[in-house]
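K.L.:
Compact mmCIF, C-alpha atoms and all ligand atoms, saved as model25.txt, coming up:
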# COMPACT_ATOMS: atom_id res chain seq x y z
CA MET A 258 -6.98 23.98 28.46
CA VAL A 259 -3.72 22.91 26.89
CA SER A 260 -2.36 25.39 24.39
CA ILE A 261 -1.48 23.83 21.09
CA THR A 262 1.41 25.18 19.14
CA ALA A 263 1.00 22.16 16.91
CA ALA A 264 -2.49 23.25 15.88
CA ALA A 265 -1.40 25.94 13.43
CA GLN A 266 0.60 24.40 10.64
CA PRO A 267 3.29 22.19 12.06
CA ARG A 268 6.57 21.68 10.28
CA LEU A 269 6.28 17.90 10.49
CA SER A 270 3.33 15.50 10.52
CA ILE A 271 3.98 11.90 11.42
CA VAL A 272 1.23 9.69 10.02
CA ALA A 273 0.90 6.18 11.43
CA PRO A 274 -1.90 3.70 10.69
CA ALA A 275 -2.46 1.28 13.56
CA TYR A 276 -4.40 -1.96 13.61
CA ASN A 277 -4.33 -3.91 16.88
CA GLU A 278 -1.16 -2.16 18.00
CA GLU A 279 -1.88 -1.72 21.74
CA GLY A 280 1.50 -3.25 22.57
CA CYS A 281 3.37 -0.77 20.39
CA LEU A 282 1.71 2.61 20.86
CA GLU A 283 3.45 3.78 24.05
CA ALA A 284 6.89 2.99 22.70
CA PHE A 285 5.95 4.37 19.30
CA HIS A 286 4.78 7.64 20.83
CA GLN A 287 8.00 7.96 22.78
CA ARG A 288 10.37 7.28 19.91
CA ALA A 289 8.35 9.19 17.31
CA SER A 290 8.16 12.27 19.59
CA ASP A 291 11.91 12.23 20.22
CA ALA A 292 12.65 11.81 16.53
CA ALA A 293 10.21 14.59 15.59
CA ARG A 294 11.64 16.95 18.19
CA ALA A 295 15.13 16.40 16.80
CA VAL A 296 14.09 17.64 13.37
CA ALA A 297 11.16 19.98 13.98
CA GLY A 298 11.59 21.33 17.51
CA ASP A 299 8.13 21.68 18.99
CA SER A 300 6.39 22.08 15.65
CA PHE A 301 5.08 18.61 14.90
CA GLU A 302 1.99 16.43 15.17
CA ILE A 303 1.68 12.67 15.43
CA ILE A 304 -1.43 11.31 13.79
CA ILE A 305 -2.42 7.82 14.85
CA ILE A 306 -5.17 6.31 12.73
CA ASP A 307 -6.93 3.44 14.43
CA ASP A 308 -8.10 1.21 11.59
CA GLY A 309 -10.99 -0.49 13.38
CA SER A 310 -8.78 -2.35 15.86
CA ARG A 311 -10.29 -4.99 18.07
CA ASP A 312 -7.99 -4.24 20.99
CA ARG A 313 -7.38 -1.08 23.03
CA THR A 314 -5.51 0.77 20.29
CA PHE A 315 -7.94 3.68 20.06
CA ALA A 316 -8.41 4.02 23.81
CA MET A 317 -4.64 4.27 24.14
CA ALA A 318 -4.29 6.71 21.26
CA ARG A 319 -7.01 8.87 22.84
CA ASP A 320 -5.18 8.85 26.16
CA LEU A 321 -2.02 9.92 24.38
CA ALA A 322 -3.93 12.76 22.70
CA ASP A 323 -5.27 13.88 26.08
CA ARG A 324 -1.79 13.85 27.59
CA ASP A 325 0.18 15.23 24.69
CA PRO A 326 -1.15 18.07 22.49
CA HIS A 327 1.05 16.85 19.64
CA VAL A 328 -0.96 13.69 19.26
CA VAL A 329 -4.07 13.42 17.10
CA ALA A 330 -6.03 10.20 17.55
CA VAL A 331 -8.28 9.24 14.67
CA LYS A 332 -10.78 6.40 14.77
CA LEU A 333 -12.15 4.92 11.57
CA SER A 334 -15.65 3.45 11.68
CA ARG A 335 -14.32 -0.05 10.90
CA ASN A 336 -11.29 -1.81 9.43
CA PHE A 337 -10.66 -0.22 6.04
CA GLY A 338 -7.21 -1.70 5.52
CA HIS A 339 -3.74 -0.25 5.86
CA GLN A 340 -3.78 1.73 2.61
CA LEU A 341 -7.08 3.50 3.25
CA ALA A 342 -6.15 4.18 6.87
CA LEU A 343 -3.01 5.81 5.56
CA CYS A 344 -5.10 7.79 3.12
CA ALA A 345 -7.26 9.05 6.02
CA GLY A 346 -4.10 10.16 7.84
CA LEU A 347 -2.81 12.02 4.80
CA THR A 348 -6.10 13.90 4.52
CA ILE A 349 -6.07 14.97 8.15
CA CYS A 350 -2.41 15.93 8.55
CA ARG A 351 -1.40 19.59 8.15
CA GLY A 352 2.38 19.59 8.27
CA ASP A 353 4.76 21.11 5.72
CA TYR A 354 6.50 17.75 5.65
CA ILE A 355 4.86 14.40 6.15
CA LEU A 356 6.51 11.27 7.46
CA VAL A 357 4.55 8.08 6.80
CA ILE A 358 5.51 5.29 9.14
CA ASP A 359 4.15 2.02 10.57
CA ALA A 360 3.04 2.10 14.19
CA ASP A 361 4.74 -1.23 14.98
CA LEU A 362 8.22 0.35 15.05
CA GLN A 363 9.49 -1.79 12.20
CA ASP A 364 10.52 1.46 10.56
CA PRO A 365 12.86 3.42 12.86
CA PRO A 366 11.47 6.96 13.49
CA GLU A 367 15.06 8.10 14.11
CA LEU A 368 15.73 7.80 10.38
CA ALA A 369 13.69 11.02 10.00
CA SER A 370 16.75 13.24 10.59
CA GLU A 371 18.71 11.42 7.88
CA MET A 372 15.68 11.71 5.59
CA PHE A 373 15.45 15.46 6.19
CA ARG A 374 19.17 15.83 5.53
CA VAL A 375 18.92 13.94 2.24
CA MET A 376 15.79 15.84 1.25
CA GLU A 377 17.55 19.16 1.71
CA ALA A 378 20.85 18.09 0.14
CA GLU A 379 19.18 16.53 -2.89
CA ARG A 380 16.36 19.07 -3.13
CA ALA A 381 13.98 16.13 -3.27
CA ASP A 382 10.23 16.03 -2.74
CA VAL A 383 10.20 12.44 -1.54
CA VAL A 384 12.77 10.50 0.45
CA TYR A 385 11.81 6.85 0.77
CA GLY A 386 13.21 4.18 3.04
CA GLN A 387 14.60 1.24 1.12
CA ARG A 388 14.96 -1.96 3.12
CA ARG A 389 18.47 -3.34 3.23
CA THR A 390 17.54 -6.17 5.56
CA ARG A 391 14.34 -7.26 7.29
CA ALA A 392 14.52 -8.74 10.77
CA GLY A 393 11.90 -10.95 12.36
CA GLU A 394 10.09 -11.97 9.17
CA THR A 395 9.31 -15.50 8.04
CA ALA A 396 11.22 -16.95 5.10
CA PHE A 397 7.90 -16.99 3.24
CA LYS A 398 7.30 -13.26 3.79
CA LEU A 399 10.85 -12.40 2.73
CA GLY A 400 10.65 -14.56 -0.39
CA SER A 401 7.17 -13.46 -1.43
CA ALA A 402 7.98 -9.78 -0.86
CA LYS A 403 11.15 -10.04 -2.90
CA LEU A 404 9.31 -11.75 -5.75
CA PHE A 405 6.41 -9.29 -5.54
CA TYR A 406 8.54 -6.16 -5.87
CA ARG A 407 10.48 -7.62 -8.78
CA VAL A 408 7.42 -8.81 -10.70
CA LEU A 409 5.71 -5.48 -10.05
CA ARG A 410 8.69 -3.56 -11.40
CA ARG A 411 8.50 -5.58 -14.62
CA LEU A 412 4.76 -5.13 -15.01
CA ALA A 413 4.16 -1.57 -13.83
CA ASP A 414 4.05 1.40 -16.14
CA VAL A 415 5.72 3.63 -13.55
CA ASP A 416 9.08 3.05 -11.92
CA ILE A 417 8.17 1.70 -8.48
CA PRO A 418 11.36 1.14 -6.44
CA ALA A 419 12.02 -2.38 -5.14
CA ASP A 420 11.98 -3.28 -1.41
CA THR A 421 10.28 -0.03 -0.50
CA GLY A 422 7.23 0.20 1.72
CA ASP A 423 5.25 3.26 2.68
CA PHE A 424 7.93 4.57 5.05
CA ARG A 425 8.82 7.91 3.50
CA LEU A 426 9.16 11.63 4.00
CA MET A 427 7.31 13.83 1.53
CA THR A 428 6.62 17.49 0.99
CA ARG A 429 3.22 19.10 1.38
CA ARG A 430 2.72 19.40 -2.37
CA VAL A 431 3.16 15.64 -2.86
CA CYS A 432 0.68 14.98 -0.06
CA ASP A 433 -1.85 17.39 -1.62
CA ILE A 434 -1.52 15.65 -4.98
CA LEU A 435 -2.06 12.24 -3.34
CA ASN A 436 -5.14 13.57 -1.57
CA ALA A 437 -6.52 14.79 -4.89
CA MET A 438 -6.39 11.27 -6.34
CA PRO A 439 -9.86 9.83 -6.13
CA GLU A 440 -9.09 6.14 -6.63
CA ARG A 441 -10.23 3.49 -4.20
CA TYR A 442 -7.63 0.82 -4.88
CA ARG A 443 -4.74 2.69 -3.44
CA PHE A 444 -1.28 1.29 -3.65
CA THR A 445 0.22 4.39 -2.06
CA ARG A 446 3.88 3.63 -2.75
CA GLY A 447 3.02 3.33 -6.45
CA LEU A 448 0.94 6.50 -6.45
CA VAL A 449 3.83 8.42 -4.89
CA SER A 450 6.17 7.20 -7.65
CA TRP A 451 3.56 8.19 -10.22
CA VAL A 452 3.53 11.78 -8.90
CA GLY A 453 7.15 12.29 -9.98
CA PHE A 454 9.43 15.15 -8.82
CA ARG A 455 12.74 14.15 -7.35
CA GLN A 456 12.54 11.00 -5.22
CA VAL A 457 15.59 9.66 -3.42
CA PRO A 458 16.14 6.45 -1.40
CA VAL A 459 17.70 6.11 2.04
CA ALA A 460 18.76 2.56 2.93
CA TYR A 461 17.79 1.16 6.34
CA ASP A 462 17.52 -2.09 8.23
CA ARG A 463 13.94 -3.01 8.98
CA ALA A 464 13.50 -4.14 12.57
CA ALA A 465 11.25 -6.84 13.93
CA ARG A 466 7.85 -5.81 15.29
CA HIS A 467 7.98 -4.15 18.70
CA ALA A 468 5.00 -6.24 19.86
CA GLY A 469 1.90 -7.96 18.48
CA THR A 470 1.40 -9.80 15.23
CA THR A 471 1.22 -8.78 11.60
CA GLY A 472 -2.07 -7.35 10.32
CA TYR A 473 -1.25 -8.75 6.87
CA PRO A 474 -2.19 -12.43 6.77
CA LEU A 475 -1.81 -14.28 3.46
CA LYS A 476 -5.28 -13.30 2.23
CA LYS A 477 -4.61 -9.57 2.70
CA MET A 478 -1.16 -9.96 1.15
CA ILE A 479 -2.62 -11.51 -2.00
CA ARG A 480 -5.29 -8.83 -2.25
CA PHE A 481 -2.64 -6.16 -1.77
CA ALA A 482 -0.51 -7.67 -4.56
CA VAL A 483 -3.44 -7.97 -6.99
CA ASP A 484 -4.47 -4.38 -6.20
CA ALA A 485 -0.93 -3.22 -6.88
CA VAL A 486 -0.70 -4.98 -10.22
CA THR A 487 -4.16 -4.03 -11.47
CA SER A 488 -3.71 -0.39 -10.42
CA PHE A 489 -0.42 0.01 -12.22
CA SER A 490 -0.53 -2.29 -15.21
CA ILE A 491 -2.87 -3.63 -17.85
CA LEU A 492 -0.24 -6.08 -18.98
CA PRO A 493 -2.24 -9.08 -17.62
CA LEU A 494 -5.01 -8.15 -20.07
CA ARG A 495 -2.51 -8.14 -22.90
CA VAL A 496 -1.12 -11.47 -21.75
CA ALA A 497 -4.70 -12.73 -21.88
CA SER A 498 -5.09 -11.76 -25.52
CA PHE A 499 -1.69 -13.23 -26.40
CA THR A 500 -2.68 -16.49 -24.71
CA GLY A 501 -5.81 -16.48 -26.86
CA ILE A 502 -3.82 -15.94 -30.04
CA ALA A 503 -1.29 -18.62 -29.05
CA THR A 504 -4.04 -21.21 -28.40
CA ALA A 505 -5.73 -20.35 -31.69
CA LEU A 506 -2.41 -20.84 -33.47
CA VAL A 507 -1.81 -24.22 -31.84
CA SER A 508 -5.34 -25.42 -32.75
CA PHE A 509 -4.82 -24.24 -36.29
CA LEU A 510 -1.62 -26.30 -36.54
CA ALA A 511 -3.45 -29.30 -35.06
CA ILE A 512 -6.21 -28.99 -37.69
CA LEU A 513 -3.62 -28.73 -40.42
CA TRP A 514 -1.85 -31.81 -39.12
CA SER A 515 -5.08 -33.84 -38.93
CA LEU A 516 -6.00 -32.80 -42.47
CA VAL A 517 -2.65 -33.79 -43.90
CA ALA A 518 -2.71 -37.08 -41.99
CA TRP A 519 -6.23 -37.75 -43.31
CA MET A 520 -5.15 -37.03 -46.89
CA LEU A 521 -2.24 -39.43 -46.49
CA GLY A 522 -4.70 -42.11 -45.49
CA HIS A 523 -4.14 -42.18 -41.68
CA THR A 524 -6.95 -41.76 -39.21
CA VAL A 525 -6.23 -39.41 -36.31
CA ALA A 526 -6.79 -41.12 -32.93
CA GLY A 527 -9.97 -40.16 -31.21
CA TRP A 528 -11.57 -38.99 -28.06
CA ALA A 529 -8.64 -38.65 -25.64
CA SER A 530 -6.96 -35.92 -27.64
CA LEU A 531 -10.33 -34.30 -28.27
CA LEU A 532 -11.13 -34.23 -24.57
CA SER A 533 -7.77 -32.80 -23.55
CA ALA A 534 -8.05 -30.12 -26.20
CA ILE A 535 -11.50 -29.13 -24.93
CA PHE A 536 -10.30 -28.98 -21.33
CA LEU A 537 -7.21 -27.03 -22.25
CA VAL A 538 -9.11 -24.41 -24.20
CA GLY A 539 -11.86 -24.27 -21.54
CA GLY A 540 -9.24 -23.71 -18.84
CA ILE A 541 -7.53 -20.96 -20.75
CA GLN A 542 -10.85 -19.25 -21.41
CA LEU A 543 -11.83 -19.27 -17.75
CA PHE A 544 -8.41 -17.98 -16.73
CA VAL A 545 -8.61 -15.14 -19.21
CA LEU A 546 -12.16 -14.35 -18.09
CA GLY A 547 -10.91 -14.28 -14.51
CA ILE A 548 -8.28 -11.69 -15.40
CA ILE A 549 -10.85 -9.55 -17.19
CA GLY A 550 -13.14 -10.02 -14.18
CA GLU A 551 -10.51 -8.65 -11.79
CA TYR A 552 -10.31 -5.45 -13.77
CA LEU A 553 -14.04 -5.24 -14.38
CA GLY A 554 -14.86 -5.76 -10.69
CA ARG A 555 -12.52 -2.95 -9.71
CA LEU A 556 -14.03 -0.73 -12.37
CA TYR A 557 -17.49 -1.48 -11.00
CA LEU A 558 -16.57 -0.74 -7.39
CA GLU A 559 -14.70 2.37 -8.45
CA THR A 560 -17.75 3.78 -10.26
CA LYS A 561 -19.86 3.71 -7.10
CA ARG A 562 -17.83 6.63 -5.74
CA ARG A 563 -18.36 5.70 -2.14
CA PRO A 564 -16.17 7.54 0.35
CA LEU A 565 -12.78 5.85 0.76
CA PHE A 566 -13.04 5.75 4.55
CA ILE A 567 -15.32 6.94 7.30
CA ILE A 568 -14.02 8.72 10.36
CA ASP A 569 -15.83 7.98 13.58
CA GLU A 570 -13.93 10.31 15.91
CA VAL A 571 -10.96 12.67 15.93
CA ARG A 572 -9.37 13.51 19.25
CA ARG A 573 -6.83 16.27 19.54
CA ALA A 574 -5.70 18.10 22.64
CA GLY A 575 -8.49 16.62 24.70
CA VAL A 576 -11.24 17.68 22.28
CA SER A 577 -13.25 15.19 20.21
CA THR A 578 -15.01 15.78 16.94
CA ASP A 579 -17.27 13.18 15.34
CA SER A 580 -18.11 11.74 11.98
CA GLU A 581 -16.20 13.25 9.15
CA THR A 582 -15.78 11.46 5.85
N1 LIG B 601 -2.42 -1.86 9.47
C1 LIG B 601 -3.62 -1.16 9.34
N2 LIG B 601 -4.74 -1.84 8.90
C2 LIG B 601 -4.71 -3.18 8.59
C3 LIG B 601 -3.47 -3.86 8.71
C4 LIG B 601 -2.35 -3.16 9.14
O1 LIG B 601 -3.70 0.03 9.60
O2 LIG B 601 -5.75 -3.73 8.22
C5 LIG B 601 -1.23 -1.11 9.93
C6 LIG B 601 -0.44 -1.79 11.04
O3 LIG B 601 -0.90 -1.42 12.33
C7 LIG B 601 0.98 -1.31 10.80
C8 LIG B 601 1.01 -1.13 9.29
O4 LIG B 601 -0.34 -1.03 8.84
O5 LIG B 601 1.23 -0.05 11.41
C9 LIG B 601 1.69 -2.29 8.60
O6 LIG B 601 1.03 -3.49 8.92
P1 LIG B 601 1.76 -4.77 9.53
O7 LIG B 601 2.88 -4.38 10.42
O8 LIG B 601 0.71 -5.64 10.11
O9 LIG B 601 2.33 -5.44 8.20
P2 LIG B 601 3.79 -6.04 7.96
O10 LIG B 601 4.76 -5.05 8.50
O11 LIG B 601 3.78 -7.34 8.70
O12 LIG B 601 3.86 -6.21 6.48
MG MG B 602 4.80 -4.32 10.38
Can the structure from this file be put into structure tokens for me?

P.N.:
Amino acid sequence: MVSITAAAQPRLSIVAPAYNEEGCLEAFHQRASDAARAVAGDSFEIIIIDDGSRDRTFAMARDLADRDPHVVAVKLSRNFGHQLALCAGLTICRGDYILVIDADLQDPPELASEMFRVMEAERADVVYGQRRTRAGETAFKLGSAKLFYRVLRRLADVDIPADTGDFRLMTRRVCDILNAMPERYRFTRGLVSWVGFRQVPVAYDRAARHAGTTGYPLKKMIRFAVDAVTSFSILPLRVASFTGIATALVSFLAILWSLVAWMLGHTVAGWASLLSAIFLVGGIQLFVLGIIGEYLGRLYLETKRRPLFIIDEVRRAGVSTDSET
């Protein structure tokens, strides 16, 4: 059987969630291996987490694991979403340093050596890639991402850097702390900021996808954004109460005005204003209820304490193990 130097505790773990990435995996494996070898010699592992893909992603990852003892192929029981797939990878990896990266080669694996250099020079625990430019994205994606990171920075209680995805190098202790966080709605880049220690950016140009299409359609993007905001801020709830107070104040002024007008002998005109006032207040109430509902729903799902992900199969060095959670 193949001997695995990587099985002990490798110096570097590369963790890459993959959803329908059959067109990228070969190239990813090649470039990630070269980049890992440059910084960690032979002491590395590449963990590919197949997040319930509908194409040949897992079959290919398993082949890679059979061919290359550095590769660990993990199959989740269904699509759990990018963030939970990442979480699964972080639980499985064993390296002293962990590089989180997308499998679509939008984040260049070669940046790892620069990240290691900065980590050592700055004595940092986290070195995160900050996007200078983003190739191959639609104007809508660029605009919405820009807006999202800026709004989030204003709302969030922790300092979450702008234009920063999950592409980062972290130390084992940061990874262990992340793994100890039980929450289901995981906005990993925010959680990493929350951990603290010294965190330093490295600027890079984000490439276009190597192949395939984005696994983040609009619906997933919106859910991702709402998860991010609700996990890191209760400001929307405060805005809700302020809206309530503001409406109450406006109605109070309206009552005062009608009273004064009545005392001066004018009649205040009827049903149209009444109807608009009712609709306005009704709308505000439903909106505020919706905000409360977002938080309440998350609270409800969080209290069930279901496992965050389910692993169907792990394949390393030609050996498969089943069903871990
Ligand atoms: N991904 C995943 N599960 C999903 C969607 C995406 O594991 O449900 C992976 C995907 O394979 C990629 C990374 O998460 O490695 C980022 O996703 P994608 O490239 O589709 O997003 P984008 O870069 O377009 O924002
Ligand atoms: Mg991508």

K.L.:
What are the centre and edge lengths in Å, to one decimal, of the axis-aligned box around all listed atoms of region 341-358 of chain A with 5 Å added on each side, as AutoDock Vina command-line options?

P.N.:
--center_x -0.4 --center_y 12.3 --center_z 6.1 --size_x 23.8 --size_y 27.6 --size_z 16.0

K.L.:
Would you please work out which residue, of A:Gly547, A:Gly280, A:Gly338, A:Gly422, is nearest to Thr445 (chain A) when using all atoms listed in the file?

P.N.:
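Answer, going by the shortest atom-to-atom distance: A:Gly422.
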
K.L.:
With distances taken over only C-alpha atoms, which of A:Leu565, A:Ala465, A:Val331, A:Leu341 is nearest to Glu394 (chain A)?

P.N.:
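Looking at the shortest contact to Glu394 (chain A), the residue is A:Ala465.
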
K.L.:
Would you kindly return, as a PyMOL selection string, each protein, DNA or RNA residue with an atom no farther than 7 Å from any atom of Leu356 (chain A), considering all atoms listed in the file and excluding same-chain residues fewer than 5 positions away?

P.N.:
chain A and resi 270-272+425-427

K.L.:
Atom P1 of ligand LIG 601 (chain B) and CA of Tyr473 (chain A) are how many Å apart?

P.N.:
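Value for the atom P1 of ligand LIG 601 (chain B)-CA of Tyr473 (chain A) distance: 5.7 Å.
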
K.L.:
Find, counting all atoms listed in the file, the residue in A:Thr560, A:Thr471, A:Ser533, A:Asn277 that gets nearest to ligand MG 602 (chain B).

P.N.:
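The shortest atom-to-atom distance to ligand MG 602 (chain B) comes from A:Thr471.
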
K.L.:
A:Ile306, A:Val507, A:Ala297, A:Val517: which is nearest Phe566 (chain A), counting all atoms listed in the file?

P.N.:
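Between A:Ile306, A:Val507, A:Ala297, A:Val517, the residue approaching Phe566 (chain A) most closely is A:Ile306.
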
K.L.:
Considering all atoms listed in the file, can you say which of A:Ala460, A:Leu521, A:Val384, A:Leu546 comes closest to Leu494 (chain A)?

P.N.:
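Under the stated criterion, the closest residue is A:Leu546.
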
K.L.:
Taking all atoms listed in the file into account, produce a table as a Markdown table in which each residue of chain A with an atom at most 7 Å from an atom of ligand MG 602 (chain B) appears once, together with its shortest atom pair and the distance in Å to one decimal, ordered by chain and rising number.

P.N.:
| residue | atom | partner | partner_atom | distance |
| --- | --- | --- | --- | --- |
| A:Asp359 | CA | B:MG602 | MG | 6.4 |
| A:Asp361 | CA | B:MG602 | MG | 5.5 |
| A:Gln363 | CA | B:MG602 | MG | 5.6 |
| A:Arg466 | CA | B:MG602 | MG | 6.0 |
| A:Thr471 | CA | B:MG602 | MG | 5.8 |

K.L.:
Quick one: residues within 12 Å of Ser498 (chain A), all atoms listed in the file counted, chain neighbours fewer than 6 positions away excluded, as a compact mmCIF listing (two decimals) with C-alpha atoms, in the coordinates of the input?

P.N.:
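Okay, selection.txt is ready:
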# COMPACT_ATOMS: atom_id res chain seq x y z
CA ILE A 491 -2.87 -3.63 -17.85
CA LEU A 492 -0.24 -6.08 -18.98
CA THR A 504 -4.04 -21.21 -28.40
CA ALA A 505 -5.73 -20.35 -31.69
CA ILE A 541 -7.53 -20.96 -20.75
CA GLN A 542 -10.85 -19.25 -21.41
CA PHE A 544 -8.41 -17.98 -16.73
CA VAL A 545 -8.61 -15.14 -19.21
CA LEU A 546 -12.16 -14.35 -18.09
CA ILE A 548 -8.28 -11.69 -15.40
CA ILE A 549 -10.85 -9.55 -17.19

K.L.:
Could you work out how far CA of Glu379 (chain A) lies from CA of Ile434 (chain A), giving the answer in Å with one decimal?

P.N.:
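Interatomic distance, CA of Ile434 (chain A) to CA of Glu379 (chain A): 20.8 Å.
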
K.L.:
Compute the set of protein, DNA and RNA residues whose minimum atom distance to ligand LIG 601 (chain B) is at most 10 Å, using only C-alpha atoms and all ligand atoms, and state it as a PyMOL selection string.

P.N.:
chain A and resi 272-279+281-282+305-310+314+333+335-343+357-364+391+393-395+398+402+422-424+463-474+477-478

K.L.:
Determine, counting all atoms listed in the file, every residue of protein, DNA or RNA that lies within 12 Å of (11.2, 0.3, -4.4) in the file coordinates, then give the result as a PyMOL selection string.

P.N.:
chain A and resi 384-389+402-403+405-410+413+415-425+445-447+449-450+456-460

K.L.:
Hey, what's within 10 Å of Ala322 (chain A) if we count all atoms listed in the file and toss same-chain stuff fewer than 5 positions away? As an MDAnalysis selection string, please?

P.N.:
chainID A and resid 303:305 316:317 327:331 571:577

K.L.:
Give me, please, the distance in Å between CA of Ala289 (chain A) and CA of Cys344 (chain A), quoted to one decimal.

P.N.:
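We find that CA of Ala289 (chain A) and CA of Cys344 (chain A) lie 19.6 Å from each other.
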
K.L.:
Complete the atoms of region 357-372 of chain A to N, CA, C and O atoms and put them out as a JSON list (two decimals), in the coordinates of the input.

P.N.:
[["chain", "number", "residue", "atom", "x", "y", "z"],
["A", 357, "VAL", "N", 5.46, 9.22, 6.69],
["A", 357, "VAL", "CA", 4.55, 8.08, 6.80],
["A", 357, "VAL", "C", 5.33, 6.92, 7.40],
["A", 357, "VAL", "O", 6.44, 6.61, 6.95],
["A", 358, "ILE", "N", 4.76, 6.31, 8.41],
["A", 358, "ILE", "CA", 5.51, 5.29, 9.14],
["A", 358, "ILE", "C", 4.54, 4.27, 9.73],
["A", 358, "ILE", "O", 3.39, 4.60, 10.01],
["A", 359, "ASP", "N", 4.99, 3.03, 9.91],
["A", 359, "ASP", "CA", 4.15, 2.02, 10.57],
["A", 359, "ASP", "C", 4.20, 2.22, 12.08],
["A", 359, "ASP", "O", 5.23, 2.64, 12.61],
["A", 360, "ALA", "N", 3.09, 1.89, 12.74],
["A", 360, "ALA", "CA", 3.04, 2.10, 14.19],
["A", 360, "ALA", "C", 3.74, 0.98, 14.96],
["A", 360, "ALA", "O", 3.90, 1.07, 16.17],
["A", 361, "ASP", "N", 4.17, -0.07, 14.27],
["A", 361, "ASP", "CA", 4.74, -1.23, 14.98],
["A", 361, "ASP", "C", 6.26, -1.12, 15.20],
["A", 361, "ASP", "O", 6.89, -2.07, 15.63],
["A", 362, "LEU", "N", 6.80, 0.06, 14.86],
["A", 362, "LEU", "CA", 8.22, 0.35, 15.05],
["A", 362, "LEU", "C", 9.14, -0.52, 14.20],
["A", 362, "LEU", "O", 10.31, -0.70, 14.52],
["A", 363, "GLN", "N", 8.61, -1.08, 13.12],
["A", 363, "GLN", "CA", 9.49, -1.79, 12.20],
["A", 363, "GLN", "C", 10.34, -0.80, 11.41],
["A", 363, "GLN", "O", 11.44, -1.11, 10.99],
["A", 364, "ASP", "N", 9.77, 0.38, 11.20],
["A", 364, "ASP", "CA", 10.52, 1.46, 10.56],
["A", 364, "ASP", "C", 11.03, 2.38, 11.67],
["A", 364, "ASP", "O", 10.23, 2.90, 12.44],
["A", 365, "PRO", "N", 12.33, 2.60, 11.76],
["A", 365, "PRO", "CA", 12.86, 3.42, 12.86],
["A", 365, "PRO", "C", 12.54, 4.91, 12.67],
["A", 365, "PRO", "O", 12.95, 5.51, 11.68],
["A", 366, "PRO", "N", 11.79, 5.53, 13.62],
["A", 366, "PRO", "CA", 11.47, 6.96, 13.49],
["A", 366, "PRO", "C", 12.73, 7.82, 13.44],
["A", 366, "PRO", "O", 12.72, 8.89, 12.83],
["A", 367, "GLU", "N", 13.81, 7.32, 14.05],
["A", 367, "GLU", "CA", 15.06, 8.10, 14.11],
["A", 367, "GLU", "C", 15.65, 8.37, 12.73],
["A", 367, "GLU", "O", 16.47, 9.26, 12.56],
["A", 368, "LEU", "N", 15.20, 7.59, 11.73],
["A", 368, "LEU", "CA", 15.73, 7.80, 10.38],
["A", 368, "LEU", "C", 15.24, 9.15, 9.81],
["A", 368, "LEU", "O", 15.76, 9.64, 8.81],
["A", 369, "ALA", "N", 14.26, 9.76, 10.49],
["A", 369, "ALA", "CA", 13.69, 11.02, 10.00],
["A", 369, "ALA", "C", 14.77, 12.09, 9.80],
["A", 369, "ALA", "O", 14.73, 12.82, 8.81],
["A", 370, "SER", "N", 15.75, 12.16, 10.72],
["A", 370, "SER", "CA", 16.75, 13.24, 10.59],
["A", 370, "SER", "C", 17.60, 13.01, 9.35],
["A", 370, "SER", "O", 17.91, 13.95, 8.61],
["A", 371, "GLU", "N", 17.96, 11.74, 9.09],
["A", 371, "GLU", "CA", 18.71, 11.42, 7.88],
["A", 371, "GLU", "C", 17.86, 11.74, 6.64],
["A", 371, "GLU", "O", 18.34, 12.30, 5.65],
["A", 372, "MET", "N", 16.57, 11.43, 6.72],
["A", 372, "MET", "CA", 15.68, 11.71, 5.59],
["A", 372, "MET", "C", 15.59, 13.21, 5.30],
["A", 372, "MET", "O", 15.63, 13.63, 4.15]]
